[in-house]
Amino acid sequence: MDQSGDLVLRGSFWPLERALKVCMSLIMAHKDGFLLHASGLIYRGFGLVFSGRSGSGKTTITGLSRTCPILSDDIVAIRRRGETFLAFGTPFGGAEEIVHGGAQMKACFSLKKGKHPLLTALASLSALKDLLKNILSLPQNGPTAGRLLETAREFTRRIECYVLTFPPDPSFWKLIEAL
Amino acid sequence: MSKEVVNPIRNGQVAWRIIEGRALLITPWDSMMHALNEAATAIWQYLDGSCKESDIAAAIAEQFDVPLAEAESDVRGFLQELL
């Protein structure tokens, strides 16, 4: 415990981190939310989430978005609140400075590396399939899985979902600014 | 040859929704997501315990305008995959 009261872990953190992710995923599923393999930013007061598995470019996106507060560069917590969804940072990932608290979500981008920036809107089914692929630890319990599926379905109904093809430079921001 | 599955019924543990005419399933035992095609979605919706396998095949043959034998084979194959 450091002077600020934060618990600081040193050494091998992986097994504990793994256990925390599973526990948090389960808790989130019961609270109309989920953990998503994604980086998250706050842009003009709204949360933008960039989802994808390892190697998809999540950390690259945060690195190319220096002026935006970062929620996470690896795992974002998403939770429904009323008619909308909020994105929260998590302690998982390598970003040095993350914002505490959440932001009302504006859009979710599924990452795809490419030579030229391109934004493609996803229809409901594609958006949901894509989202489920990137949710951590789908529940091993029928009712919980059902609740998660309903939450994910609502997410794709209420939040704009896109595939973002991007080269390793900030040119993709022009597409996002135009939304 | 495998026996007819009498009044097949979906596993209640499977979470599913129909979206844009396609069934999306989560099977909790392996934490996997499955997206069914149009024909499998139609069969899936009949698996409420009220229909015999042969009734489902007849309905699928009519719905998709395919020969009954083909529908029977598809339904049998799908049900065997689910077992």
# chains A, B, ... in the order shown; residues from 1 in each chain; ligands from 1

call {"tool": "interface_residues", "arguments": {"of": "chain A", "to": "chain B", "cutoff": "6 Å", "atoms": "only C-alpha atoms", "output": "number ranges by chain"}}
result
A: 125, 138-142, 145-146

call {"tool": "write_last_selection", "arguments": {"atoms": "N, CA and C atoms", "output": "compact mmCIF listing (two decimals), in the first residue's frame"}}
result
# COMPACT_ATOMS: atom_id res chain seq x y z
N LEU A 125 -26.56 -7.41 -37.09
CA LEU A 125 -26.04 -8.76 -36.86
C LEU A 125 -24.52 -8.77 -36.88
N LEU A 138 -17.10 -14.96 -22.09
CA LEU A 138 -18.55 -15.18 -22.20
C LEU A 138 -18.97 -16.13 -21.08
N PRO A 139 -20.11 -15.86 -20.43
CA PRO A 139 -20.49 -16.61 -19.23
C PRO A 139 -20.69 -18.12 -19.48
N GLN A 140 -20.39 -18.90 -18.46
CA GLN A 140 -20.59 -20.35 -18.54
C GLN A 140 -21.86 -20.73 -17.79
N ASN A 141 -22.85 -19.92 -17.93
CA ASN A 141 -24.11 -20.12 -17.22
C ASN A 141 -25.21 -19.57 -18.12
N GLY A 142 -26.23 -20.38 -18.40
CA GLY A 142 -27.25 -20.01 -19.36
C GLY A 142 -27.92 -18.67 -19.12
N ALA A 145 -25.53 -15.83 -19.55
CA ALA A 145 -25.21 -15.66 -20.98
C ALA A 145 -26.36 -14.96 -21.69
N GLY A 146 -27.60 -15.31 -21.31
CA GLY A 146 -28.78 -14.69 -21.90
C GLY A 146 -28.82 -13.20 -21.59

call {"tool": "residues_around", "arguments": {"residues": "region 18-29 of chain A", "least_positions_apart": "2", "cutoff": "7 Å", "atoms": "only C-alpha atoms", "output": "PyMOL selection string"}}
result
chain A and resi 14-16+31-35+136-137+139+144+147-148

call {"tool": "write_last_selection", "arguments": {"atoms": "N, CA and C atoms", "output": "PDB file, in the first residue's frame"}}
result
ATOM      1  N   TRP A  14       0.267 -11.497 -13.404  1.00  0.00           N
ATOM      2  CA  TRP A  14      -0.611 -12.102 -14.397  1.00  0.00           C
ATOM      3  C   TRP A  14      -1.712 -12.997 -13.822  1.00  0.00           C
ATOM      4  N   PRO A  15      -1.384 -13.936 -12.898  1.00  0.00           N
ATOM      5  CA  PRO A  15      -2.458 -14.817 -12.402  1.00  0.00           C
ATOM      6  C   PRO A  15      -3.561 -14.036 -11.685  1.00  0.00           C
ATOM      7  N   LEU A  16      -3.178 -13.035 -10.905  1.00  0.00           N
ATOM      8  CA  LEU A  16      -4.180 -12.237 -10.197  1.00  0.00           C
ATOM      9  C   LEU A  16      -5.001 -11.421 -11.191  1.00  0.00           C
ATOM     10  N   LYS A  31     -24.786  -6.726 -14.210  1.00  0.00           N
ATOM     11  CA  LYS A  31     -25.105  -5.293 -14.065  1.00  0.00           C
ATOM     12  C   LYS A  31     -25.285  -4.648 -15.447  1.00  0.00           C
ATOM     13  N   ASP A  32     -25.763  -5.446 -16.391  1.00  0.00           N
ATOM     14  CA  ASP A  32     -26.014  -4.948 -17.755  1.00  0.00           C
ATOM     15  C   ASP A  32     -24.768  -4.329 -18.362  1.00  0.00           C
ATOM     16  N   GLY A  33     -23.668  -5.043 -18.238  1.00  0.00           N
ATOM     17  CA  GLY A  33     -22.423  -4.544 -18.810  1.00  0.00           C
ATOM     18  C   GLY A  33     -21.507  -5.678 -19.217  1.00  0.00           C
ATOM     19  N   PHE A  34     -20.341  -5.317 -19.667  1.00  0.00           N
ATOM     20  CA  PHE A  34     -19.349  -6.323 -20.069  1.00  0.00           C
ATOM     21  C   PHE A  34     -17.975  -5.675 -20.171  1.00  0.00           C
ATOM     22  N   LEU A  35     -16.956  -6.510 -20.160  1.00  0.00           N
ATOM     23  CA  LEU A  35     -15.594  -6.050 -20.423  1.00  0.00           C
ATOM     24  C   LEU A  35     -15.295  -6.328 -21.885  1.00  0.00           C
ATOM     25  N   LEU A 136     -14.792 -10.183 -23.166  1.00  0.00           N
ATOM     26  CA  LEU A 136     -13.990 -11.103 -22.357  1.00  0.00           C
ATOM     27  C   LEU A 136     -14.893 -12.128 -21.681  1.00  0.00           C
ATOM     28  N   SER A 137     -14.458 -13.355 -21.657  1.00  0.00           N
ATOM     29  CA  SER A 137     -15.081 -14.394 -20.836  1.00  0.00           C
ATOM     30  C   SER A 137     -16.597 -14.452 -20.969  1.00  0.00           C
ATOM     31  N   PRO A 139     -20.108 -15.863 -20.432  1.00  0.00           N
ATOM     32  CA  PRO A 139     -20.494 -16.611 -19.234  1.00  0.00           C
ATOM     33  C   PRO A 139     -20.687 -18.117 -19.483  1.00  0.00           C
ATOM     34  N   THR A 144     -27.054 -16.142 -17.275  1.00  0.00           N
ATOM     35  CA  THR A 144     -26.101 -15.017 -17.345  1.00  0.00           C
ATOM     36  C   THR A 144     -25.723 -14.743 -18.793  1.00  0.00           C
ATOM     37  N   ARG A 147     -28.505 -12.870 -20.359  1.00  0.00           N
ATOM     38  CA  ARG A 147     -28.523 -11.452 -19.961  1.00  0.00           C
ATOM     39  C   ARG A 147     -27.445 -10.674 -20.714  1.00  0.00           C
ATOM     40  N   LEU A 148     -26.274 -11.290 -20.845  1.00  0.00           N
ATOM     41  CA  LEU A 148     -25.194 -10.631 -21.581  1.00  0.00           C
ATOM     42  C   LEU A 148     -25.576 -10.429 -23.042  1.00  0.00           C
TER      43      LEU A 148
END

call {"tool": "select_by_dssp", "arguments": {"residues": "chain B", "states": "helix (DSSP H, G or I)", "output": "PyMOL selection string"}}
result
chain B and resi 38-46+53-64+68-82

call {"tool": "write_last_selection", "arguments": {"atoms": "C-alpha atoms", "output": "mmCIF file, in the first residue's frame"}}
result
data_model
loop_
_atom_site.group_PDB
_atom_site.id
_atom_site.type_symbol
_atom_site.label_atom_id
_atom_site.label_comp_id
_atom_site.auth_asym_id
_atom_site.auth_seq_id
_atom_site.Cartn_x
_atom_site.Cartn_y
_atom_site.Cartn_z
ATOM 1 C CA GLU B 38 -30.865 -19.054 -42.585
ATOM 2 C CA ALA B 39 -31.850 -22.719 -42.844
ATOM 3 C CA ALA B 40 -30.366 -23.656 -39.476
ATOM 4 C CA THR B 41 -32.142 -20.663 -37.922
ATOM 5 C CA ALA B 42 -35.455 -21.923 -39.300
ATOM 6 C CA ILE B 43 -34.822 -25.400 -37.883
ATOM 7 C CA TRP B 44 -33.687 -23.932 -34.555
ATOM 8 C CA GLN B 45 -36.980 -22.074 -34.200
ATOM 9 C CA TYR B 46 -38.929 -25.304 -34.584
ATOM 10 C CA GLU B 53 -38.258 -34.312 -36.784
ATOM 11 C CA SER B 54 -40.282 -35.336 -39.823
ATOM 12 C CA ASP B 55 -42.680 -32.404 -39.311
ATOM 13 C CA ILE B 56 -39.741 -30.015 -39.163
ATOM 14 C CA ALA B 57 -38.299 -31.457 -42.361
ATOM 15 C CA ALA B 58 -41.639 -31.068 -44.124
ATOM 16 C CA ALA B 59 -41.910 -27.454 -42.965
ATOM 17 C CA ILE B 60 -38.358 -26.680 -44.067
ATOM 18 C CA ALA B 61 -38.962 -28.301 -47.474
ATOM 19 C CA GLU B 62 -41.963 -26.067 -47.987
ATOM 20 C CA GLN B 63 -40.359 -22.908 -46.593
ATOM 21 C CA PHE B 64 -37.193 -23.184 -48.681
ATOM 22 C CA LEU B 68 -38.327 -33.350 -48.888
ATOM 23 C CA ALA B 69 -35.391 -35.778 -48.939
ATOM 24 C CA GLU B 70 -32.948 -32.892 -48.958
ATOM 25 C CA ALA B 71 -34.744 -31.176 -46.088
ATOM 26 C CA GLU B 72 -34.794 -34.423 -44.096
ATOM 27 C CA SER B 73 -31.077 -34.800 -44.594
ATOM 28 C CA ASP B 74 -30.413 -31.198 -43.545
ATOM 29 C CA VAL B 75 -32.606 -31.419 -40.467
ATOM 30 C CA ARG B 76 -31.086 -34.761 -39.460
ATOM 31 C CA GLY B 77 -27.580 -33.408 -39.947
ATOM 32 C CA PHE B 78 -28.281 -30.274 -37.934
ATOM 33 C CA LEU B 79 -29.871 -32.186 -35.081
ATOM 34 C CA GLN B 80 -26.959 -34.625 -34.970
ATOM 35 C CA GLU B 81 -24.606 -31.667 -34.688
ATOM 36 C CA LEU B 82 -26.587 -30.364 -31.743
#

call {"tool": "residues_around", "arguments": {"residues": "Ala38 (chain A)", "least_positions_apart": "4", "cutoff": "8 Å", "atoms": "only C-alpha atoms", "output": "MDAnalysis selection string"}}
result
chainID A and resid 49:53 58 72:76 134

call {"tool": "write_last_selection", "arguments": {"atoms": "C-alpha atoms", "output": "PDB file, in the first residue's frame"}}
result
ATOM      1  CA  VAL A  49     -14.180   2.516 -28.115  1.00  0.00           C
ATOM      2  CA  PHE A  50     -11.817   0.701 -30.502  1.00  0.00           C
ATOM      3  CA  SER A  51     -12.222  -3.043 -30.197  1.00  0.00           C
ATOM      4  CA  GLY A  52     -10.063  -5.922 -31.335  1.00  0.00           C
ATOM      5  CA  ARG A  53      -7.944  -8.772 -30.118  1.00  0.00           C
ATOM      6  CA  LYS A  58      -5.644  -0.882 -29.838  1.00  0.00           C
ATOM      7  CA  SER A  72      -7.713   2.198 -21.465  1.00  0.00           C
ATOM      8  CA  ASP A  73      -5.452   0.827 -24.163  1.00  0.00           C
ATOM      9  CA  ASP A  74      -6.514  -2.798 -23.700  1.00  0.00           C
ATOM     10  CA  ILE A  75      -9.765  -3.454 -21.843  1.00  0.00           C
ATOM     11  CA  VAL A  76     -12.739  -1.133 -21.463  1.00  0.00           C
ATOM     12  CA  ASN A 134     -14.327  -9.192 -28.348  1.00  0.00           C
TER      13      ASN A 134
END

call {"tool": "residues_around", "arguments": {"residues": "Leu179 (chain A)", "least_positions_apart": "6", "cutoff": "10 Å", "atoms": "only C-alpha atoms", "output": "number ranges by chain"}}
result
A: 106-107, 119, 160

call {"tool": "select_by_dssp", "arguments": {"residues": "region 13-75 of chain B", "states": "strand (DSSP E)", "output": "PyMOL selection string"}}
result
chain B and resi 15-19+22-27+32-35

call {"tool": "residues_around", "arguments": {"residues": "Ile9 (chain B)", "least_positions_apart": "5", "cutoff": "6 Å", "atoms": "only C-alpha atoms", "output": "list of chain:residue names"}}
result
B:Leu47, B:Asp48, B:Gly49

call {"tool": "write_last_selection", "arguments": {"atoms": "N, CA, C and O atoms", "output": "PDB file, in the first residue's frame"}}
result
ATOM      1  N   LEU B  47     -37.473 -26.031 -32.775  1.00  0.00           N
ATOM      2  CA  LEU B  47     -37.066 -26.954 -31.702  1.00  0.00           C
ATOM      3  C   LEU B  47     -37.660 -26.546 -30.354  1.00  0.00           C
ATOM      4  O   LEU B  47     -36.951 -26.257 -29.389  1.00  0.00           O
ATOM      5  N   ASP B  48     -38.982 -26.525 -30.301  1.00  0.00           N
ATOM      6  CA  ASP B  48     -39.633 -26.143 -29.045  1.00  0.00           C
ATOM      7  C   ASP B  48     -40.322 -27.342 -28.383  1.00  0.00           C
ATOM      8  O   ASP B  48     -41.092 -27.192 -27.436  1.00  0.00           O
ATOM      9  N   GLY B  49     -40.067 -28.526 -28.914  1.00  0.00           N
ATOM     10  CA  GLY B  49     -40.617 -29.737 -28.301  1.00  0.00           C
ATOM     11  C   GLY B  49     -41.991 -30.108 -28.809  1.00  0.00           C
ATOM     12  O   GLY B  49     -42.551 -31.134 -28.401  1.00  0.00           O
TER      13      GLY B  49
END

call {"tool": "atom_distance", "arguments": {"atom1": "CA of Trp173 (chain A)", "atom2": "CA of Ser124 (chain A)"}}
result
23.9 Å

call {"tool": "decode", "arguments": {"residues": "chain B", "atoms": "C-alpha atoms", "output": "mmCIF file, in the first residue's frame"}}
result
data_model
loop_
_atom_site.group_PDB
_atom_site.id
_atom_site.type_symbol
_atom_site.label_atom_id
_atom_site.label_comp_id
_atom_site.auth_asym_id
_atom_site.auth_seq_id
_atom_site.Cartn_x
_atom_site.Cartn_y
_atom_site.Cartn_z
ATOM 1 C CA MET B 1 -28.679 -44.976 -39.921
ATOM 2 C CA SER B 2 -29.406 -42.758 -36.899
ATOM 3 C CA LYS B 3 -32.859 -42.779 -35.335
ATOM 4 C CA GLU B 4 -35.301 -39.959 -35.697
ATOM 5 C CA VAL B 5 -35.060 -37.471 -32.860
ATOM 6 C CA VAL B 6 -38.536 -37.391 -31.354
ATOM 7 C CA ASN B 7 -39.873 -33.917 -30.629
ATOM 8 C CA PRO B 8 -36.452 -32.285 -30.362
ATOM 9 C CA ILE B 9 -36.182 -29.381 -27.963
ATOM 10 C CA ARG B 10 -33.542 -26.712 -27.505
ATOM 11 C CA ASN B 11 -31.182 -26.895 -24.546
ATOM 12 C CA GLY B 12 -32.525 -24.304 -22.131
ATOM 13 C CA GLN B 13 -28.988 -23.295 -21.159
ATOM 14 C CA VAL B 14 -28.305 -21.905 -24.616
ATOM 15 C CA ALA B 15 -28.773 -18.136 -24.833
ATOM 16 C CA TRP B 16 -30.073 -17.055 -28.225
ATOM 17 C CA ARG B 17 -31.677 -14.228 -30.126
ATOM 18 C CA ILE B 18 -32.931 -13.853 -33.703
ATOM 19 C CA ILE B 19 -31.310 -10.841 -35.341
ATOM 20 C CA GLU B 20 -32.000 -9.899 -38.944
ATOM 21 C CA GLY B 21 -33.452 -13.356 -39.507
ATOM 22 C CA ARG B 22 -30.415 -15.210 -38.183
ATOM 23 C CA ALA B 23 -30.044 -16.946 -34.829
ATOM 24 C CA LEU B 24 -27.111 -15.962 -32.677
ATOM 25 C CA LEU B 25 -26.343 -18.421 -29.901
ATOM 26 C CA ILE B 26 -24.065 -18.497 -26.884
ATOM 27 C CA THR B 27 -23.327 -22.008 -25.612
ATOM 28 C CA PRO B 28 -22.382 -21.564 -21.947
ATOM 29 C CA TRP B 29 -20.492 -24.868 -21.598
ATOM 30 C CA ASP B 30 -17.733 -23.696 -23.946
ATOM 31 C CA SER B 31 -18.388 -19.929 -23.800
ATOM 32 C CA MET B 32 -18.677 -19.844 -27.588
ATOM 33 C CA MET B 33 -20.782 -17.705 -29.880
ATOM 34 C CA HIS B 34 -22.441 -19.324 -32.915
ATOM 35 C CA ALA B 35 -24.164 -17.598 -35.806
ATOM 36 C CA LEU B 36 -26.597 -19.902 -37.638
ATOM 37 C CA ASN B 37 -27.360 -19.633 -41.322
ATOM 38 C CA GLU B 38 -30.865 -19.054 -42.585
ATOM 39 C CA ALA B 39 -31.850 -22.719 -42.844
ATOM 40 C CA ALA B 40 -30.366 -23.656 -39.476
ATOM 41 C CA THR B 41 -32.142 -20.663 -37.922
ATOM 42 C CA ALA B 42 -35.455 -21.923 -39.300
ATOM 43 C CA ILE B 43 -34.822 -25.400 -37.883
ATOM 44 C CA TRP B 44 -33.687 -23.932 -34.555
ATOM 45 C CA GLN B 45 -36.980 -22.074 -34.200
ATOM 46 C CA TYR B 46 -38.929 -25.304 -34.584
ATOM 47 C CA LEU B 47 -37.066 -26.954 -31.702
ATOM 48 C CA ASP B 48 -39.633 -26.143 -29.045
ATOM 49 C CA GLY B 49 -40.617 -29.737 -28.301
ATOM 50 C CA SER B 50 -43.914 -29.597 -30.164
ATOM 51 C CA CYS B 51 -42.700 -30.865 -33.550
ATOM 52 C CA LYS B 52 -41.402 -34.218 -34.703
ATOM 53 C CA GLU B 53 -38.258 -34.312 -36.784
ATOM 54 C CA SER B 54 -40.282 -35.336 -39.823
ATOM 55 C CA ASP B 55 -42.680 -32.404 -39.311
ATOM 56 C CA ILE B 56 -39.741 -30.015 -39.163
ATOM 57 C CA ALA B 57 -38.299 -31.457 -42.361
ATOM 58 C CA ALA B 58 -41.639 -31.068 -44.124
ATOM 59 C CA ALA B 59 -41.910 -27.454 -42.965
ATOM 60 C CA ILE B 60 -38.358 -26.680 -44.067
ATOM 61 C CA ALA B 61 -38.962 -28.301 -47.474
ATOM 62 C CA GLU B 62 -41.963 -26.067 -47.987
ATOM 63 C CA GLN B 63 -40.359 -22.908 -46.593
ATOM 64 C CA PHE B 64 -37.193 -23.184 -48.681
ATOM 65 C CA ASP B 65 -38.783 -24.917 -51.658
ATOM 66 C CA VAL B 66 -36.416 -27.888 -51.591
ATOM 67 C CA PRO B 67 -37.131 -31.628 -52.054
ATOM 68 C CA LEU B 68 -38.327 -33.350 -48.888
ATOM 69 C CA ALA B 69 -35.391 -35.778 -48.939
ATOM 70 C CA GLU B 70 -32.948 -32.892 -48.958
ATOM 71 C CA ALA B 71 -34.744 -31.176 -46.088
ATOM 72 C CA GLU B 72 -34.794 -34.423 -44.096
ATOM 73 C CA SER B 73 -31.077 -34.800 -44.594
ATOM 74 C CA ASP B 74 -30.413 -31.198 -43.545
ATOM 75 C CA VAL B 75 -32.606 -31.419 -40.467
ATOM 76 C CA ARG B 76 -31.086 -34.761 -39.460
ATOM 77 C CA GLY B 77 -27.580 -33.408 -39.947
ATOM 78 C CA PHE B 78 -28.281 -30.274 -37.934
ATOM 79 C CA LEU B 79 -29.871 -32.186 -35.081
ATOM 80 C CA GLN B 80 -26.959 -34.625 -34.970
ATOM 81 C CA GLU B 81 -24.606 -31.667 -34.688
ATOM 82 C CA LEU B 82 -26.587 -30.364 -31.743
ATOM 83 C CA LEU B 83 -26.625 -33.670 -29.863
#
